[in-house]
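Visitor: Input file: query.cif. Contents: mmCIF, C-alpha atoms.
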data_start
loop_
_atom_site.label_atom_id
_atom_site.label_comp_id
_atom_site.auth_asym_id
_atom_site.auth_seq_id
_atom_site.Cartn_x
_atom_site.Cartn_y
_atom_site.Cartn_z
CA MET A 1 0.00 0.00 0.00
CA LEU A 2 1.35 3.39 -1.00
CA PRO A 3 1.52 6.09 1.70
CA ILE A 4 -1.26 8.65 1.71
CA ALA A 5 -0.46 11.51 -0.68
CA SER A 6 -3.01 13.75 -2.33
CA GLU A 7 -1.35 16.91 -3.59
CA GLN A 8 -2.22 16.08 -7.23
CA TYR A 9 -5.96 16.63 -6.69
CA ASP A 10 -7.60 20.05 -7.00
CA VAL A 11 -9.27 21.15 -3.76
CA ALA A 12 -11.45 23.72 -5.55
CA ALA A 13 -12.84 21.06 -7.92
CA ILE A 14 -13.55 18.70 -5.02
CA MET A 15 -15.31 21.38 -2.97
CA GLY A 16 -17.22 22.70 -5.96
CA GLY A 17 -18.48 19.24 -6.88
CA LEU A 18 -19.62 18.15 -3.44
CA TYR A 19 -21.09 21.50 -2.44
CA GLY A 20 -22.64 21.88 -5.90
CA ASP A 21 -23.95 18.65 -7.42
CA GLY A 22 -23.32 16.67 -4.23
CA ILE A 23 -21.39 13.89 -5.97
CA ILE A 24 -17.99 13.53 -7.66
CA ALA A 25 -16.00 10.57 -8.97
CA CYS A 26 -12.50 9.34 -9.72
CA GLN A 27 -12.48 7.06 -12.76
CA GLY A 28 -10.04 4.18 -12.92
CA ALA A 29 -8.86 4.54 -9.34
CA PHE A 30 -8.34 0.77 -9.04
CA SER A 31 -7.46 -2.03 -11.43
CA ARG A 32 -10.12 -4.45 -12.63
CA ALA A 33 -8.17 -7.25 -10.95
CA PHE A 34 -8.42 -5.40 -7.62
CA ILE A 35 -12.18 -5.00 -8.09
CA ASP A 36 -12.60 -8.65 -9.11
CA GLN A 37 -11.02 -9.63 -5.79
CA LEU A 38 -13.19 -7.14 -3.91
CA GLY A 39 -16.30 -8.57 -5.55
CA ASP A 40 -15.34 -12.16 -4.72
CA GLU A 41 -14.79 -11.29 -1.06
CA ILE A 42 -18.06 -9.34 -0.83
CA ALA A 43 -19.91 -12.38 -2.22
CA VAL A 44 -18.47 -14.54 0.57
CA LEU A 45 -19.33 -11.97 3.24
CA PHE A 46 -22.86 -11.58 1.86
CA ALA A 47 -23.48 -15.32 2.06
CA GLU A 48 -22.19 -15.35 5.65
CA ALA A 49 -24.33 -12.35 6.62
CA ARG A 50 -27.53 -13.88 5.24
CA SER A 51 -26.89 -17.07 7.19
CA ARG A 52 -27.15 -15.39 10.61
CA PRO A 53 -29.94 -13.34 12.22
CA GLY A 54 -29.40 -9.60 11.81
CA GLY A 55 -26.47 -10.07 9.48
CA ALA A 56 -28.02 -8.48 6.38
CA LEU A 57 -30.40 -5.55 6.54
CA GLU A 58 -33.27 -5.43 4.04
CA ARG A 59 -33.77 -2.13 2.22
CA GLY A 60 -36.58 -3.24 -0.03
CA PRO A 61 -37.39 -6.43 -1.96
CA ASN A 62 -34.13 -8.27 -2.75
CA ARG A 63 -32.07 -5.24 -1.73
CA TYR A 64 -29.65 -5.52 1.19
CA TYR A 65 -27.10 -3.60 3.20
CA VAL A 66 -24.34 -5.36 5.14
CA GLU A 67 -21.88 -3.76 7.53
CA ILE A 68 -18.58 -5.61 7.68
CA HIS A 69 -15.34 -5.94 9.60
CA PRO A 70 -12.78 -4.02 7.50
CA GLU A 71 -10.04 -6.62 7.83
CA ARG A 72 -12.23 -9.22 6.15
CA LEU A 73 -11.49 -7.39 2.89
CA SER A 74 -7.94 -7.70 1.63
CA GLY A 75 -8.23 -4.31 -0.09
CA PHE A 76 -9.62 -2.25 2.77
CA ALA A 77 -6.40 -0.42 3.58
CA ALA A 78 -5.73 0.35 -0.09
CA ILE A 79 -9.21 1.87 -0.43
CA ALA A 80 -9.14 3.81 2.84
CA ALA A 81 -5.68 5.22 2.12
CA HIS A 82 -6.20 5.95 -1.58
CA PRO A 83 -4.82 9.44 -2.34
CA TRP A 84 -8.11 10.60 -3.89
CA VAL A 85 -10.10 9.44 -0.85
CA HIS A 86 -7.68 11.27 1.42
CA ALA A 87 -7.79 14.41 -0.73
CA VAL A 88 -11.59 14.50 -0.78
CA CYS A 89 -11.95 13.87 2.95
CA SER A 90 -9.31 16.44 3.85
CA ALA A 91 -10.81 19.09 1.57
CA VAL A 92 -14.41 18.72 2.72
CA LEU A 93 -14.15 17.37 6.28
CA GLY A 94 -10.77 18.72 7.37
CA PRO A 95 -7.54 17.02 8.46
CA HIS A 96 -9.14 15.15 11.38
CA TYR A 97 -11.74 13.18 9.42
CA GLN A 98 -12.69 9.73 10.71
CA ILE A 99 -13.70 6.60 8.80
CA VAL A 100 -16.77 5.25 10.64
CA GLU A 101 -18.38 2.73 8.29
CA ALA A 102 -17.40 -0.15 6.03
CA GLY A 103 -20.05 -2.18 4.26
CA PHE A 104 -21.80 -2.87 0.99
CA ASP A 105 -25.18 -2.54 -0.73
CA ILE A 106 -26.54 -5.28 -2.98
CA PRO A 107 -29.57 -4.66 -5.19
CA GLY A 108 -30.27 -8.14 -6.55
CA PRO A 109 -32.45 -9.17 -9.49
CA GLY A 110 -36.00 -8.08 -8.75
CA ALA A 111 -35.02 -5.14 -6.53
CA MET A 112 -37.69 -2.47 -6.91
CA ARG A 113 -37.25 1.22 -7.57
CA GLN A 114 -36.77 3.11 -4.32
CA PRO A 115 -38.56 6.31 -3.34
CA TRP A 116 -36.54 9.51 -3.46
CA HIS A 117 -34.72 9.84 -0.15
CA ARG A 118 -31.59 10.77 1.74
CA ASP A 119 -29.77 8.33 4.00
CA PHE A 120 -30.29 10.16 7.30
CA SER A 121 -31.73 13.37 8.69
CA THR A 122 -29.93 16.56 7.80
CA PRO A 123 -27.81 17.70 10.76
CA PRO A 124 -27.92 21.35 11.87
CA GLU A 125 -24.36 21.84 10.61
CA THR A 126 -25.72 21.39 7.09
CA LEU A 127 -29.29 22.65 7.43
CA ILE A 128 -28.34 25.85 9.26
CA GLY A 129 -24.57 26.12 8.92
CA ARG A 130 -24.52 25.09 5.21
CA ARG A 131 -21.55 22.81 5.81
CA LEU A 132 -21.11 19.14 4.97
CA ASN A 133 -19.75 17.06 7.85
CA SER A 134 -19.96 13.55 6.37
CA LEU A 135 -19.32 11.74 3.08
CA ALA A 136 -20.09 8.36 1.55
CA PHE A 137 -17.73 6.65 -0.91
CA ASN A 138 -18.98 3.94 -3.25
CA ILE A 139 -17.15 1.40 -5.40
CA THR A 140 -19.08 -0.78 -7.82
CA THR A 141 -17.85 -4.36 -8.27
CA VAL A 142 -19.50 -4.68 -11.71
CA ASP A 143 -19.80 -2.55 -14.84
CA VAL A 144 -23.19 -0.94 -14.24
CA GLN A 145 -25.75 -1.21 -17.04
CA ASP A 146 -29.18 0.43 -17.26
CA ASP A 147 -31.07 -2.77 -16.43
CA MET A 148 -29.10 -3.43 -13.22
CA GLY A 149 -30.82 -0.84 -11.04
CA PRO A 150 -28.30 2.02 -11.22
CA LEU A 151 -28.37 4.90 -8.76
CA GLU A 152 -30.20 8.07 -9.74
CA ILE A 153 -29.28 11.30 -8.00
CA ALA A 154 -30.86 14.77 -8.03
CA PRO A 155 -27.86 17.13 -8.10
CA GLY A 156 -27.74 20.00 -5.64
CA THR A 157 -30.46 18.66 -3.34
CA GLN A 158 -28.25 18.06 -0.30
CA TRP A 159 -29.43 21.47 0.91
CA ASP A 160 -33.16 20.78 0.53
CA ASP A 161 -35.53 21.04 3.49
CA TRP A 162 -39.24 20.24 3.78
CA PRO A 163 -41.84 19.67 6.53
CA GLY A 164 -42.57 16.17 7.75
CA ASP A 165 -40.33 13.13 7.39
CA PRO A 166 -36.74 14.47 7.27
CA MET A 167 -35.46 11.67 5.02
CA PHE A 168 -38.30 11.25 2.51
CA PRO A 169 -39.52 14.30 0.59
CA PRO A 170 -43.27 14.59 0.04
CA LEU A 171 -44.69 13.29 -3.23
CA ALA A 172 -45.51 16.86 -4.24
CA ALA A 173 -41.75 17.55 -4.45
CA TRP A 174 -40.93 14.55 -6.64
CA GLU A 175 -41.45 16.38 -9.93
CA ARG A 176 -38.42 18.55 -9.17
CA TYR A 177 -36.27 15.49 -8.52
CA GLU A 178 -37.53 13.78 -11.66
CA GLN A 179 -36.51 16.82 -13.69
CA ARG A 180 -33.04 16.96 -12.14
CA ARG A 181 -32.29 13.24 -11.99
CA VAL A 182 -29.01 11.91 -13.34
CA ARG A 183 -28.43 8.19 -13.73
CA LYS A 184 -25.00 6.94 -12.67
CA ARG A 185 -23.31 4.09 -14.54
CA PRO A 186 -19.91 3.60 -12.87
CA GLN A 187 -17.51 0.99 -14.19
CA MET A 188 -15.20 -1.40 -12.37
CA GLY A 189 -12.31 0.60 -10.91
CA ASP A 190 -14.25 3.85 -10.42
CA ILE A 191 -14.90 5.36 -7.00
CA SER A 192 -17.42 8.07 -6.15
CA ALA A 193 -17.86 10.40 -3.20
CA ARG A 194 -21.19 11.98 -2.33
CA SER A 195 -23.13 13.63 0.40
CA ALA A 196 -25.60 11.01 1.62
CA LEU A 197 -27.99 13.95 2.08
CA THR A 198 -28.25 14.51 -1.68
CA ILE A 199 -31.63 13.16 -2.78
CA HIS A 200 -31.23 9.85 -4.62
CA ARG A 201 -32.81 6.48 -5.29
CA GLY A 202 -31.88 3.04 -6.54
CA THR A 203 -33.78 2.07 -9.67
CA ALA A 204 -35.35 -1.30 -10.44
CA ASN A 205 -32.95 -4.16 -11.17
CA VAL A 206 -34.61 -5.99 -14.05
CA SER A 207 -31.46 -7.90 -15.00
CA GLN A 208 -30.35 -11.33 -13.82
CA GLN A 209 -27.25 -9.90 -12.12
CA ALA A 210 -26.75 -8.29 -8.72
CA ARG A 211 -25.10 -4.86 -8.50
CA PRO A 212 -22.90 -4.90 -5.36
CA ALA A 213 -21.34 -1.61 -4.26
CA TYR A 214 -18.79 -1.19 -1.49
CA VAL A 215 -19.51 1.62 0.99
CA LEU A 216 -17.02 3.65 3.02
CA GLY A 217 -18.55 6.20 5.41
CA VAL A 218 -16.53 9.14 6.72
CA ASP A 219 -17.32 11.83 9.31
CA GLY A 220 -15.83 15.20 10.09
CA PRO A 221 -14.98 15.98 13.73
CA ASP A 222 -18.61 16.91 14.53
CA GLY A 223 -20.23 14.15 12.45
CA ARG A 224 -22.39 11.67 14.33
CA ASN A 225 -22.69 8.70 11.97
CA ALA A 226 -20.37 6.57 14.09
CA GLU A 227 -23.38 6.14 16.41
CA ARG A 228 -25.08 4.05 13.70
CA HIS A 229 -22.15 1.72 13.12
CA ASP A 230 -19.72 -0.55 14.95
CA LEU A 231 -16.38 -0.45 13.19
CA GLN A 232 -14.10 -3.07 14.74
CA LEU A 233 -10.45 -3.96 14.18
CA THR A 234 -8.48 -6.68 15.89
CA ARG A 235 -5.42 -5.49 17.73
CA ALA A 236 -3.18 -7.55 15.45
CA TYR A 237 -4.64 -6.02 12.27
CA ASN A 238 -4.63 -2.49 13.66
CA ASP A 239 -0.97 -2.75 14.64
CA LYS A 240 -0.02 -3.58 11.04
CA LEU A 241 -1.67 -0.48 9.58
CA PRO A 242 0.36 2.65 8.85
CA ALA A 243 -0.02 5.31 11.53
CA ALA A 244 -1.31 7.76 8.89
CA LEU A 245 -4.29 5.47 8.29
CA ARG A 246 -4.86 4.48 11.93
CA ASP A 247 -5.25 8.17 12.78
CA HIS A 248 -8.35 8.31 10.55
CA LEU A 249 -10.18 5.24 11.87
CA HIS A 250 -12.98 5.61 14.41
CA CYS A 251 -13.21 2.03 15.67
CA ARG A 252 -13.14 -0.37 18.57
CA ILE A 253 -9.95 -2.34 19.02
CA VAL A 254 -10.81 -5.91 20.02
CA ASP A 255 -8.94 -9.15 20.56
CA THR A 256 -11.54 -11.13 18.60
CA LEU A 257 -14.02 -9.78 16.07
CA GLN A 258 -17.58 -9.74 17.36
CA PRO A 259 -20.64 -10.46 15.16
CA LEU A 260 -22.22 -7.36 13.65
CA VAL A 261 -25.98 -6.80 13.92
CA GLN A 262 -27.19 -4.28 11.38
CA ALA A 263 -28.69 -1.22 13.06
CA HIS A 264 -29.19 1.53 10.45
CA THR A 265 -32.72 0.55 9.42
CA ILE A 266 -34.54 2.81 6.94
CA GLN A 267 -38.17 1.79 7.25
CA GLY A 268 -39.33 3.92 4.34
CA LEU A 269 -37.29 1.82 1.87
CA LEU A 270 -38.78 -1.56 2.71
CA MET A 271 -41.71 -1.45 0.31
CA GLY A 272 -40.15 0.28 -2.69
CA ALA A 273 -41.45 3.43 -4.40
CA LYS A 274 -45.14 4.26 -4.34
CA GLY A 275 -45.13 7.23 -6.67
#
Could I get this structure in the form of structure tokens?
Guide:
Amino acid sequence: MLPIASEQYDVAAIMGGLYGDGIIACQGAFSRAFIDQLGDEIAVLFAEARSRPGGALERGPNRYYVEIHPERLSGFAAIAAHPWVHAVCSAVLGPHYQIVEAGFDIPGPGAMRQPWHRDFSTPPETLIGRRLNSLAFNITTVDVQDDMGPLEIAPGTQWDDWPGDPMFPPLAAWERYEQRRVRKRPQMGDISARSALTIHRGTANVSQQARPAYVLGVDGPDGRNAERHDLQLTRAYNDKLPAALRDHLHCRIVDTLQPLVQAHTIQGLLMGAKG
């Protein structure tokens, strides 16, 4: 693993993208061989998670989220310490950012279109202070095609506010999101960064292939997403990591990894879109 270095990335472009559209990407950040390995390991972890109670969280018909132990992925350190990831986190969240989540989403064949939503309630730092204090990184393990349920995002909506449910905009607001929607078709090796507050939805997977996507969640110093997750590292694994990476991990150090029970339930996603 190369040491963290990020001077080659433009801070203004990073800030402009995430404060503007709410999503940016780095194409070809990893080799296809690296992603093949990532996909194989996610498949094993998914099978394990579905075999135990609470291991895989449903987010709609045949759509799952699984939180994982980072060291179960051989490429975790390479992803977490990638220069682009470091550059984006440092630019938006500051030098003391903390990685708080490692997991993956899997929309399988038959997954329904989701309603427009954001992943959690907008914190006051964003709603009032107009500042982002968390980011979500995604890495697809397949070349995304239109029939595989790609993500649609409504650019610039991370600042939106409305009465009622703080995560699900009212149906009366959907026309605006339909007009702004952009469909994302990342390819193997690409990595994206977005505000999870930007309004988005997974579309229907009408193919015969699942669309797994690795998730890395990162907080700024006043972010509170660590409360929803339980990042664990064994002492032996933690001791092998470079200090520059350890400084950015918000985790429990344990002698033996403990089973993870998924906690970040989003009830509004369980039935798919109604509108």
Visitor: Using the chain letters and numbers from the file, give me the residues hit by the PyMOL selection byres ((chain A and resi 159) around 8), as a ChimeraX atom specification.
Guide: /A:126-127,130,156-158,160-161,197-198
Visitor: Applied to this file, what does the PyMOL selection byres ((chain A and resi 231) around 7) return in terms of residues, put as a list in words?
Guide: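 Here the PyMOL selection byres ((chain A and resi 231) around 7) matches His69, Val100, Glu101, His229, Asp230, Gln232, Leu233, Cys251 and Arg252 of chain A.
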Visitor: Tell me which protein, DNA and RNA residues are within 10 Å of Gly103 (chain A), counting all atoms listed in the file, leaving out same-chain ones fewer than 4 positions away, and put them as a list in words.
Guide: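 In the requested format, the answer is Ile42, Leu45, Tyr65, Val66, Glu67, Ile68, His69, Pro70, Asn138, Ala213, Tyr214, Val215, Leu216, Gly217, His229 and Leu231 of chain A.
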Visitor: Have a look at A:Phe46, A:Phe137, A:Tyr64, A:Trp116 and name the one nearest to Glu175 (chain A); count all atoms listed in the file.
Guide: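 Using all atoms listed in the file, Glu175 (chain A) sits closest to A:Trp116.
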Visitor: For CA of Arg118 (chain A) and CA of Glu152 (chain A), quote the distance in Å rounded to one decimal.
Guide: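 Distance between the two atoms: 11.9 Å.
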Visitor: Can you pull out every residue within 10 Å of region 163-166 of chain A, counting all atoms listed in the file, but drop anything in the same chain fewer than 4 positions away, and send it as a list in words?
Guide: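 Within the cut-off, the hits are His117, Arg118, Asp119, Phe120, Ser121, Thr122, Pro170 and Gly268 of chain A.
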Visitor: Can you pull region 246-260 of chain A out of that block with N, CA and C atoms and hand it back as a compact mmCIF listing (two decimals), in the first residue's frame?
Guide:
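Result saved to out_30.txt:
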# COMPACT_ATOMS: atom_id res chain seq x y z
N ARG A 246 -4.25 4.71 10.62
CA ARG A 246 -4.86 4.48 11.93
C ARG A 246 -5.44 5.76 12.51
N ASP A 247 -4.79 6.89 12.24
CA ASP A 247 -5.25 8.17 12.78
C ASP A 247 -6.64 8.56 12.26
N HIS A 248 -7.06 7.95 11.16
CA HIS A 248 -8.35 8.31 10.55
C HIS A 248 -9.41 7.23 10.72
N LEU A 249 -9.21 6.31 11.65
CA LEU A 249 -10.18 5.24 11.87
C LEU A 249 -10.87 5.42 13.21
N HIS A 250 -12.18 5.55 13.19
CA HIS A 250 -12.98 5.61 14.41
C HIS A 250 -13.52 4.20 14.65
N CYS A 251 -12.86 3.45 15.54
CA CYS A 251 -13.21 2.03 15.67
C CYS A 251 -12.93 1.53 17.08
N ARG A 252 -13.47 0.35 17.35
CA ARG A 252 -13.14 -0.37 18.57
C ARG A 252 -12.01 -1.33 18.27
N ILE A 253 -11.03 -1.38 19.14
CA ILE A 253 -9.95 -2.34 19.02
C ILE A 253 -10.28 -3.53 19.90
N VAL A 254 -10.37 -4.72 19.30
CA VAL A 254 -10.81 -5.91 20.02
C VAL A 254 -9.78 -7.03 19.82
N ASP A 255 -9.81 -7.98 20.73
CA ASP A 255 -8.94 -9.15 20.56
C ASP A 255 -9.52 -10.13 19.55
N THR A 256 -10.84 -10.24 19.53
CA THR A 256 -11.54 -11.13 18.60
C THR A 256 -12.73 -10.38 18.02
N LEU A 257 -12.90 -10.45 16.72
CA LEU A 257 -14.02 -9.78 16.07
C LEU A 257 -15.34 -10.31 16.59
N GLN A 258 -16.27 -9.39 16.85
CA GLN A 258 -17.58 -9.74 17.36
C GLN A 258 -18.62 -9.63 16.24
N PRO A 259 -19.63 -10.51 16.22
CA PRO A 259 -20.64 -10.46 15.16
C PRO A 259 -21.31 -9.10 15.09
N LEU A 260 -21.57 -8.64 13.86
CA LEU A 260 -22.22 -7.36 13.65
C LEU A 260 -23.72 -7.58 13.43
